[in-house]
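Trainee: My questions will all concern the structure given below.
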Amino acid sequence: MRKIRQSRKLQHVRYDVRGPILVEAQRLEAEGHRILKLNIGNPAPFGFDAPEAIVADIVHHLPEAQGYSDSQGIYPARTAVAQYYQERGLRDVSVEDVFIGNGVSELISMVLQAFVDDGNEILVPAPDYPLWTGAVTLSGGTPVHYRCDENAAWAPDLADIESKITENTHAIVIINPNNPTGAVYSAETVQGLVDIARRHDLVVMADEIYEKILYENAVHHHAATYAGDDVLCLTFSGLSKAYRVCGYRAGWVMISGPTELAEDFLEGLTLIANMRMCANVPAQHAIQTALGGYQSIEELVIPGGRFYEQTMLADRLLNQIPGVSSVRPRGALYCFPRLDPGVYPIDDDEAFVIDLLRAKRILVTHGTGFNWFAPDHFRLVALPDVAVLEEAIGRIADFLATRR
């Protein structure tokens, strides 16, 4: 019998957050070692429970959630999402402009399948959430990475973006607040990004899943509010992070701007939504309660709150390690520290984090796994409580002392 091989479409697709580093962690676990996994922003294992009202609402609606829903999502969920954006100045958004999906990750893949033709170029930030790069590639497109400037608090380099636009460029991805850097873009930066899209007739794809996780008076600016009625903007968000329900898989994409020019694309997106039947129906019932109810996330992001205290502690401890520098996160759940190449001459950062894993039983993700240009960064998830974080970063410091 012939060998069964993976599709050639996967030849250049990577998702290193769960790649070889996780395989090695699982091997060590099978040997009986306890691994502290700081590679994925999954709040549940670190004691962050879903708000009780969300759980209760899902349980209450389970009897009526046994069949398929409308492929775009149940009406109350889409209404809640539409109203959420209407209250933020996007008054023309309607229920028909909202698609519910099994988390933002599914919707990214669906949108790109409906949008990208072979050879289309999509501008993606570097560093990025690697699903964007992988999904563009899997859809037949070419991800073109634009630089975010570490020396400017990880703001996108607008001149670099302009220099990378060609006749094949069709869209620009904006991740704000940013994963993995924790950057929160200023109004001027968001305006500048949308203006580039306007000048070059690009679609804006705004990944805003961390929009409610903001620190120290940071303000999130929705790209859609700057896109107006002449730039098509697809805004992705959901419940996973702010409401601590990653496993429920409840997200949405909201389409705004000149939708009359996008009827063919939207027909394709609807076709793909129909093909997967519908999103997880029980979790859809959580959306209205989440968006309209008490916002418990606000307790976590202020001084004294766990998200805030842990993220700031991680940043502070990382910066105390010789040869390590970390830009203070203003949002999200991560630190993305730099290892000075003059102190730590690393040629292969994946091998570096595997060495750290084997030596100290701590799993982080290497910077090139987020499509950063050099092997001199890693991402650390700041979700463990203070005592565990202190211990973990202490172990990282001990490991780095052997590499200086």
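How things are named: the first chain in the structure tokens is A, the next is B, and so on; residues count from 1 in each chain; ligands count from 1 in the order shown.
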Skipping near chain neighbours, those fewer than 6 positions away, what residues fall within 8 Å of Ala50 in chain A using only C-alpha atoms, listed as a ChimeraX atom specification?
Mentor: /A:243-245
Trainee: I want to know what sits within 9 Å of Thr181 in chain A, based on only C-alpha atoms, with residues of the same chain fewer than 5 positions away left out; could you give that as a VMD selection string?
Mentor: chain A and resid 127 to 128 150 153 to 154 327 to 332 334 to 337 379
Trainee: Take the residues from that selection and put them in a file with C-alpha atoms, as a PDB file, in the first residue's frame.
Mentor:
ATOM      1  CA  PRO A 127       5.514  39.473  15.334  1.00  0.00           C
ATOM      2  CA  ASP A 128       2.034  38.067  14.807  1.00  0.00           C
ATOM      3  CA  GLU A 150      10.238  47.423  19.462  1.00  0.00           C
ATOM      4  CA  ALA A 153       6.585  50.315  22.053  1.00  0.00           C
ATOM      5  CA  TRP A 154       5.965  47.748  19.282  1.00  0.00           C
ATOM      6  CA  VAL A 327       8.708  46.401  26.627  1.00  0.00           C
ATOM      7  CA  ARG A 328       6.033  46.937  29.270  1.00  0.00           C
ATOM      8  CA  PRO A 329       2.759  45.391  28.031  1.00  0.00           C
ATOM      9  CA  ARG A 330      -0.247  47.708  27.910  1.00  0.00           C
ATOM     10  CA  GLY A 331      -2.731  44.951  27.136  1.00  0.00           C
ATOM     11  CA  ALA A 332      -3.258  41.212  26.518  1.00  0.00           C
ATOM     12  CA  TYR A 334       1.930  38.182  27.462  1.00  0.00           C
ATOM     13  CA  CYS A 335       5.482  39.471  27.639  1.00  0.00           C
ATOM     14  CA  PHE A 336       7.732  39.299  24.594  1.00  0.00           C
ATOM     15  CA  PRO A 337      11.250  39.834  25.972  1.00  0.00           C
ATOM     16  CA  ARG A 379       6.868  34.839  24.503  1.00  0.00           C
TER      17      ARG A 379
END
Trainee: Near Val194 in chain A, counting only C-alpha atoms, which residues have an atom at most 9 Å away, once you skip same-chain residues fewer than 3 positions from it, shown as a list in words?
Mentor: Ile172, Thr189, Val190, Gln191, Ala197, Arg198, Arg199, Leu202, Val204, Ala223, Ala224, Tyr226, Ala227 and Val231 of chain A
Trainee: Using only C-alpha atoms, please write the residues we just selected to a file, as a compact mmCIF listing (two decimals), in the first residue's frame.
Mentor:
# COMPACT_ATOMS: atom_id res chain seq x y z
CA ILE A 172 -3.91 44.28 5.94
CA THR A 189 -1.45 54.58 14.70
CA VAL A 190 -4.84 53.00 14.03
CA GLN A 191 -5.79 55.97 11.86
CA ALA A 197 -5.77 50.65 3.52
CA ARG A 198 -7.81 53.53 2.11
CA ARG A 199 -5.03 54.75 -0.18
CA LEU A 202 -7.15 47.20 0.94
CA VAL A 204 -8.81 45.75 6.94
CA ALA A 223 -10.22 50.02 13.50
CA ALA A 224 -13.79 50.00 12.16
CA TYR A 226 -11.70 54.88 11.42
CA ALA A 227 -12.61 52.83 8.36
CA VAL A 231 -12.98 50.94 3.77
Trainee: At a cut-off of 12 Å, using only C-alpha atoms, what residues contact Asp340 in chain A? Leave out same-chain residues fewer than 4 positions from it and give the result as a PDB file with N, CA and C atoms, in the first residue's frame.
Mentor:
ATOM      1  N   ASN A 319      12.952  42.076  33.140  1.00  0.00           N
ATOM      2  CA  ASN A 319      13.890  43.185  32.935  1.00  0.00           C
ATOM      3  C   ASN A 319      15.036  43.193  33.932  1.00  0.00           C
ATOM      4  N   ILE A 321      16.782  40.513  34.607  1.00  0.00           N
ATOM      5  CA  ILE A 321      17.755  39.501  34.175  1.00  0.00           C
ATOM      6  C   ILE A 321      18.789  40.166  33.268  1.00  0.00           C
ATOM      7  N   PRO A 322      20.065  40.011  33.555  1.00  0.00           N
ATOM      8  CA  PRO A 322      21.087  40.617  32.683  1.00  0.00           C
ATOM      9  C   PRO A 322      20.921  40.189  31.231  1.00  0.00           C
ATOM     10  N   GLY A 323      20.972  41.168  30.326  1.00  0.00           N
ATOM     11  CA  GLY A 323      20.875  40.879  28.904  1.00  0.00           C
ATOM     12  C   GLY A 323      19.477  40.656  28.389  1.00  0.00           C
ATOM     13  N   VAL A 324      18.455  40.866  29.251  1.00  0.00           N
ATOM     14  CA  VAL A 324      17.064  40.687  28.846  1.00  0.00           C
ATOM     15  C   VAL A 324      16.344  42.029  28.964  1.00  0.00           C
ATOM     16  N   SER A 325      15.564  42.376  27.956  1.00  0.00           N
ATOM     17  CA  SER A 325      14.757  43.597  28.000  1.00  0.00           C
ATOM     18  C   SER A 325      13.351  43.283  27.516  1.00  0.00           C
ATOM     19  N   SER A 326      12.362  43.852  28.202  1.00  0.00           N
ATOM     20  CA  SER A 326      10.962  43.603  27.851  1.00  0.00           C
ATOM     21  C   SER A 326      10.229  44.933  27.822  1.00  0.00           C
ATOM     22  N   TYR A 344      23.570  36.670  24.606  1.00  0.00           N
ATOM     23  CA  TYR A 344      23.057  35.321  24.331  1.00  0.00           C
ATOM     24  C   TYR A 344      23.073  35.106  22.813  1.00  0.00           C
ATOM     25  N   PRO A 345      24.172  34.653  22.256  1.00  0.00           N
ATOM     26  CA  PRO A 345      24.245  34.453  20.794  1.00  0.00           C
ATOM     27  C   PRO A 345      23.492  33.187  20.381  1.00  0.00           C
ATOM     28  N   ILE A 346      22.209  33.353  20.067  1.00  0.00           N
ATOM     29  CA  ILE A 346      21.324  32.227  19.758  1.00  0.00           C
ATOM     30  C   ILE A 346      21.126  32.149  18.245  1.00  0.00           C
ATOM     31  N   ALA A 374      14.197  37.588  13.801  1.00  0.00           N
ATOM     32  CA  ALA A 374      15.485  37.154  14.341  1.00  0.00           C
ATOM     33  C   ALA A 374      15.255  36.222  15.537  1.00  0.00           C
ATOM     34  N   PRO A 375      16.206  35.323  15.819  1.00  0.00           N
ATOM     35  CA  PRO A 375      16.045  34.374  16.942  1.00  0.00           C
ATOM     36  C   PRO A 375      16.457  34.982  18.275  1.00  0.00           C
ATOM     37  N   ASP A 376      15.837  36.095  18.646  1.00  0.00           N
ATOM     38  CA  ASP A 376      16.294  36.824  19.837  1.00  0.00           C
ATOM     39  C   ASP A 376      15.155  37.214  20.781  1.00  0.00           C
ATOM     40  N   HIS A 377      13.977  36.571  20.656  1.00  0.00           N
ATOM     41  CA  HIS A 377      12.849  36.859  21.539  1.00  0.00           C
ATOM     42  C   HIS A 377      12.173  35.546  21.941  1.00  0.00           C
ATOM     43  N   PHE A 378      11.389  35.600  22.990  1.00  0.00           N
ATOM     44  CA  PHE A 378      10.461  34.518  23.301  1.00  0.00           C
ATOM     45  C   PHE A 378       9.214  35.118  23.926  1.00  0.00           C
ATOM     46  N   LEU A 400      19.429  31.130  31.970  1.00  0.00           N
ATOM     47  CA  LEU A 400      20.142  32.105  31.159  1.00  0.00           C
ATOM     48  C   LEU A 400      21.544  32.382  31.709  1.00  0.00           C
ATOM     49  N   ARG A 403      24.035  30.444  30.047  1.00  0.00           N
ATOM     50  CA  ARG A 403      24.190  30.696  28.607  1.00  0.00           C
ATOM     51  C   ARG A 403      24.916  32.003  28.318  1.00  0.00           C
ATOM     52  N   ARG A 404      25.180  32.806  29.322  1.00  0.00           N
ATOM     53  CA  ARG A 404      25.826  34.085  29.076  1.00  0.00           C
ATOM     54  C   ARG A 404      27.300  33.886  28.750  1.00  0.00           C
TER      55      ARG A 404
END
Trainee: Between A:Leu214, A:Ala53, A:Ile175, A:Ile161, single out the one closest to Asp195 in chain A, counting only C-alpha atoms.
Mentor: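 Closest residue, counting only C-alpha atoms: A:Ile161.
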